[in-house]
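Trainee: I'm passing along start-v1.pdb; it holds PDB, C-alpha atoms.
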ATOM      1  CA  GLN T1316     -33.858  10.355   5.298
ATOM      2  CA  VAL T1317     -33.446  11.558   1.736
ATOM      3  CA  GLN T1318     -30.164  12.200  -0.041
ATOM      4  CA  LEU T1319     -30.043  14.558  -3.003
ATOM      5  CA  VAL T1320     -27.452  14.670  -5.782
ATOM      6  CA  GLU T1321     -27.503  17.341  -8.481
ATOM      7  CA  SER T1322     -25.958  17.014 -11.925
ATOM      8  CA  GLY T1323     -26.067  18.656 -15.330
ATOM      9  CA  GLY T1324     -24.354  21.928 -14.592
ATOM     10  CA  GLY T1325     -21.621  23.319 -16.775
ATOM     11  CA  MET T1326     -20.439  26.247 -18.822
ATOM     12  CA  VAL T1327     -22.604  27.561 -21.634
ATOM     13  CA  GLN T1328     -22.791  30.683 -23.765
ATOM     14  CA  ALA T1329     -25.581  33.193 -23.335
ATOM     15  CA  GLY T1330     -28.675  32.016 -25.150
ATOM     16  CA  GLY T1331     -27.836  28.365 -24.600
ATOM     17  CA  SER T1332     -29.645  25.683 -22.625
ATOM     18  CA  LEU T1333     -28.939  23.301 -19.787
ATOM     19  CA  ARG T1334     -30.913  20.564 -18.083
ATOM     20  CA  LEU T1335     -30.251  20.024 -14.403
ATOM     21  CA  THR T1336     -31.138  16.773 -12.679
ATOM     22  CA  CYS T1337     -31.629  16.070  -8.991
ATOM     23  CA  ALA T1338     -31.647  12.422  -7.950
ATOM     24  CA  ALA T1339     -33.199  11.613  -4.594
ATOM     25  CA  SER T1340     -32.466   8.398  -2.729
ATOM     26  CA  GLY T1341     -33.946   7.105   0.478
ATOM     27  CA  ARG T1342     -37.557   7.732   1.420
ATOM     28  CA  ALA T1343     -38.273   9.968  -1.555
ATOM     29  CA  SER T1344     -41.895   8.829  -1.818
ATOM     30  CA  SER T1345     -42.728  10.866   1.288
ATOM     31  CA  ASN T1346     -41.506  14.156  -0.229
ATOM     32  CA  GLY T1347     -44.115  16.899  -0.196
ATOM     33  CA  ALA T1348     -42.238  19.131  -2.619
ATOM     34  CA  MET T1349     -38.895  19.574  -4.305
ATOM     35  CA  ALA T1350     -37.307  22.773  -5.498
ATOM     36  CA  TRP T1351     -34.360  24.416  -7.163
ATOM     37  CA  PHE T1352     -32.579  27.323  -5.534
ATOM     38  CA  ARG T1353     -29.426  29.086  -6.666
ATOM     39  CA  GLN T1354     -26.673  31.082  -5.053
ATOM     40  CA  ALA T1355     -24.353  33.443  -6.857
ATOM     41  CA  PRO T1356     -21.076  34.620  -5.305
ATOM     42  CA  GLY T1357     -21.693  37.182  -2.600
ATOM     43  CA  LYS T1358     -25.463  36.735  -2.747
ATOM     44  CA  GLU T1359     -28.021  34.852  -0.715
ATOM     45  CA  ARG T1360     -29.574  31.629  -1.916
ATOM     46  CA  GLU T1361     -32.686  32.399  -3.939
ATOM     47  CA  PHE T1362     -35.666  30.454  -5.156
ATOM     48  CA  VAL T1363     -35.746  29.336  -8.799
ATOM     49  CA  ALA T1364     -38.528  26.778  -9.262
ATOM     50  CA  ALA T1365     -40.460  24.089  -7.417
ATOM     51  CA  ILE T1366     -42.985  21.326  -7.821
ATOM     52  CA  ARG T1367     -45.551  20.427  -5.203
ATOM     53  CA  TRP T1368     -46.130  16.710  -5.507
ATOM     54  CA  GLY T1369     -49.682  16.562  -4.188
ATOM     55  CA  ASP T1370     -51.173  18.398  -7.150
ATOM     56  CA  ARG T1371     -48.112  18.537  -9.403
ATOM     57  CA  ARG T1372     -48.351  22.290  -9.436
ATOM     58  CA  THR T1373     -45.198  24.138 -10.442
ATOM     59  CA  TYR T1374     -43.862  27.485  -9.270
ATOM     60  CA  TYR T1375     -41.235  29.796 -10.751
ATOM     61  CA  ALA T1376     -39.291  32.871  -9.790
ATOM     62  CA  ASP T1377     -40.018  35.829 -12.021
ATOM     63  CA  SER T1378     -36.382  35.844 -13.132
ATOM     64  CA  VAL T1379     -36.695  32.449 -14.852
ATOM     65  CA  LYS T1380     -40.399  32.312 -15.725
ATOM     66  CA  GLY T1381     -40.918  31.614 -19.387
ATOM     67  CA  ARG T1382     -37.354  30.363 -19.821
ATOM     68  CA  SER T1383     -37.373  27.376 -17.485
ATOM     69  CA  THR T1384     -39.426  24.259 -16.882
ATOM     70  CA  VAL T1385     -39.380  22.204 -13.690
ATOM     71  CA  SER T1386     -40.605  18.624 -13.786
ATOM     72  CA  GLY T1387     -40.292  15.340 -11.973
ATOM     73  CA  ASN T1388     -41.112  11.674 -12.257
ATOM     74  CA  ASN T1389     -43.999   9.800 -10.657
ATOM     75  CA  ALA T1390     -41.777   8.182  -8.058
ATOM     76  CA  LYS T1391     -40.860  11.664  -6.767
ATOM     77  CA  ASN T1392     -37.216  10.678  -6.772
ATOM     78  CA  THR T1393     -36.017  12.764  -9.715
ATOM     79  CA  LEU T1394     -36.374  16.486 -10.297
ATOM     80  CA  TYR T1395     -35.415  18.283 -13.480
ATOM     81  CA  LEU T1396     -34.863  21.893 -14.419
ATOM     82  CA  GLN T1397     -34.723  22.705 -18.109
ATOM     83  CA  MET T1398     -33.256  26.166 -18.577
ATOM     84  CA  ASN T1399     -33.320  27.929 -21.935
ATOM     85  CA  ALA T1400     -32.189  31.329 -23.170
ATOM     86  CA  LEU T1401     -29.621  31.433 -20.401
ATOM     87  CA  LYS T1402     -28.199  34.770 -19.342
ATOM     88  CA  PRO T1403     -24.936  35.657 -17.566
ATOM     89  CA  GLU T1404     -26.987  36.567 -14.511
ATOM     90  CA  ASP T1405     -28.103  32.932 -14.283
ATOM     91  CA  THR T1406     -24.550  32.051 -13.243
ATOM     92  CA  ALA T1407     -24.706  30.433  -9.808
ATOM     93  CA  VAL T1408     -24.483  27.200  -7.900
ATOM     94  CA  TYR T1409     -27.846  25.466  -8.253
ATOM     95  CA  TYR T1410     -29.122  23.485  -5.274
ATOM     96  CA  CYS T1411     -31.893  20.942  -5.056
ATOM     97  CA  GLY T1412     -34.026  20.927  -1.930
ATOM     98  CA  ALA T1413     -36.670  18.516  -0.677
ATOM     99  CA  LYS T1414     -39.435  18.905   1.880
ATOM    100  CA  THR T1415     -39.402  15.475   3.488
ATOM    101  CA  ARG T1416     -41.568  16.120   6.535
ATOM    102  CA  GLY T1417     -45.042  17.478   6.998
ATOM    103  CA  GLY T1418     -46.523  16.689   3.590
ATOM    104  CA  ASN T1419     -47.273  19.206   0.873
ATOM    105  CA  PRO T1420     -46.353  22.819   1.594
ATOM    106  CA  ILE T1421     -48.893  25.606   1.415
ATOM    107  CA  MET T1422     -48.613  27.787  -1.663
ATOM    108  CA  SER T1423     -47.103  30.753   0.134
ATOM    109  CA  SER T1424     -44.220  28.693   1.496
ATOM    110  CA  VAL T1425     -43.116  26.973  -1.704
ATOM    111  CA  GLY T1426     -40.514  29.607  -2.526
ATOM    112  CA  LYS T1427     -39.059  29.887   0.956
ATOM    113  CA  ILE T1428     -35.754  28.265   1.754
ATOM    114  CA  GLU T1429     -36.884  27.200   5.236
ATOM    115  CA  THR T1430     -39.586  25.006   3.719
ATOM    116  CA  TYR T1431     -36.994  22.464   2.599
ATOM    117  CA  ASP T1432     -35.156  20.282   5.077
ATOM    118  CA  GLU T1433     -32.803  18.308   2.850
ATOM    119  CA  TRP T1434     -30.327  19.745   0.367
ATOM    120  CA  GLY T1435     -27.883  18.542  -2.209
ATOM    121  CA  GLN T1436     -24.317  19.739  -2.646
ATOM    122  CA  GLY T1437     -25.092  21.858  -5.688
ATOM    123  CA  THR T1438     -24.006  22.020  -9.309
ATOM    124  CA  GLN T1439     -22.256  24.980 -10.902
ATOM    125  CA  VAL T1440     -23.843  26.784 -13.843
ATOM    126  CA  THR T1441     -21.721  29.371 -15.629
ATOM    127  CA  VAL T1442     -23.118  31.448 -18.480
ATOM    128  CA  SER T1443     -20.654  33.473 -20.516
ATOM    129  CA  SER T1444     -21.581  36.554 -22.512
TER     130      SER T1444
END
What would you get if you wrote out this structure as structure tokens?
Mentor:
Amino acid sequence: QVQLVESGGGMVQAGGSLRLTCAASGRASSNGAMAWFRQAPGKEREFVAAIRWGDRRTYYADSVKGRSTVSGNNAKNTLYLQMNALKPEDTAVYYCGAKTRGGNPIMSSVGKIETYDEWGQGTQVTVSS
């Protein structure tokens, strides 16, 4: 089993930057992929970015592409999300997810919430205008 803990959230002005960190403990070496999702009040959880460990390929939602970078370490137990040029619409709770069973996901499933079977508790990001 893998446990995930997010950190790095906070309050920032529009145009600012934040770096989120997700620390995975347990059998992290078996993770096929890890991802960031976010959920704003009254909205469904949505995909932000992911890394597929097998080929280290990264994926981004259109809403953050060009402003964000997802990365991780070789041990597959830490995931980062560097977010720049933040906008008020980026305000949300950011969750880290891990796919711990079944190996690497196919490309079409990387952005789907059901791909990930372990989740952290989330970290709040608030962007003021």
Trainee: Written as a list of chain:residue names, what is the full residue list that the PyMOL selection byres ((chain T and resi 1332) around 7) yields on the file shown?
Mentor: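 That selection, the PyMOL selection byres ((chain T and resi 1332) around 7), comes back as T:Gly1330, T:Gly1331, T:Leu1333, T:Arg1334, T:Met1398, T:Asn1399, T:Ala1400, T:Leu1401.
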Trainee: Using only C-alpha atoms, pick whichever of T:Gln1316, T:Gln1436, T:Thr1393, T:Ser1322 has the shortest atom-to-atom distance to T:Met1349.
Mentor: T:Thr1393
Trainee: Closest to T:Thr1336 among T:Val1440, T:Cys1411, T:Ala1355, T:Ala1364, using all atoms listed in the file?
Mentor: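 Ranking T:Val1440, T:Cys1411, T:Ala1355, T:Ala1364 by distance to T:Thr1336, first place goes to T:Cys1411.
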Trainee: Got a sec: who's within 7 Å of T:Arg1353, counting only C-alpha atoms, leaving out chain neighbours fewer than 3 positions off, as a list in words?
Mentor: Arg1360, Glu1361, Phe1362, Val1363, Ala1407, Val1408, Tyr1409 and Tyr1410 of chain T
Trainee: Quick one: of T:Gly1357, T:Phe1352, T:Gly1435, T:Lys1402, who's nearest to T:Val1327, counting only C-alpha atoms?
Mentor: T:Lys1402
Trainee: Using all atoms listed in the file, which residue out of T:Thr1438, T:Glu1429, T:Trp1351, T:Ala1329 lies closest to T:Tyr1395?
Mentor: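 Using all atoms listed in the file, T:Tyr1395 sits closest to T:Trp1351.
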Trainee: For T:Glu1433, which of T:Arg1342, T:Lys1380, T:Arg1372, T:Arg1367 is the closest residue, counting only C-alpha atoms?
Mentor: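 Among T:Arg1342, T:Lys1380, T:Arg1372, T:Arg1367, it is T:Arg1342 that comes nearest to T:Glu1433.
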Trainee: Which residues, named as in the file, does the PyMOL selection byres ((chain T and resi 1426) around 8) pick out? Answer as a list in words.
Mentor: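 Answer for the PyMOL selection byres ((chain T and resi 1426) around 8): Phe1362, Val1363, Ala1364, Ala1365, Tyr1374, Ser1423, Ser1424, Val1425, Lys1427, Ile1428 and Thr1430 of chain T.
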Trainee: Determine the axis-aligned bounding box of all atoms of stretch 1392-1408 of chain T present in the file, pad each side by 8 Å, and express its centre and edge lengths in Å to one decimal place as lines of an AutoDock Vina configuration file.
Mentor:
center_x = -30.8
center_y = 23.6
center_z = -15.0
size_x = 28.7
size_y = 41.9
size_z = 32.4
Trainee: Given the choices T:Trp1368, T:Val1317, T:Gln1354, T:Glu1404, which gets closest to T:Gly1437 if the distance is worked out from only C-alpha atoms?
Mentor: T:Gln1354
Trainee: Could you list, as a ChimeraX atom specification, every residue matched by the PyMOL selection byres ((chain T and resi 1443) around 9) in this structure?
Mentor: /T:1326-1329,1402-1403,1406,1441-1442,1444
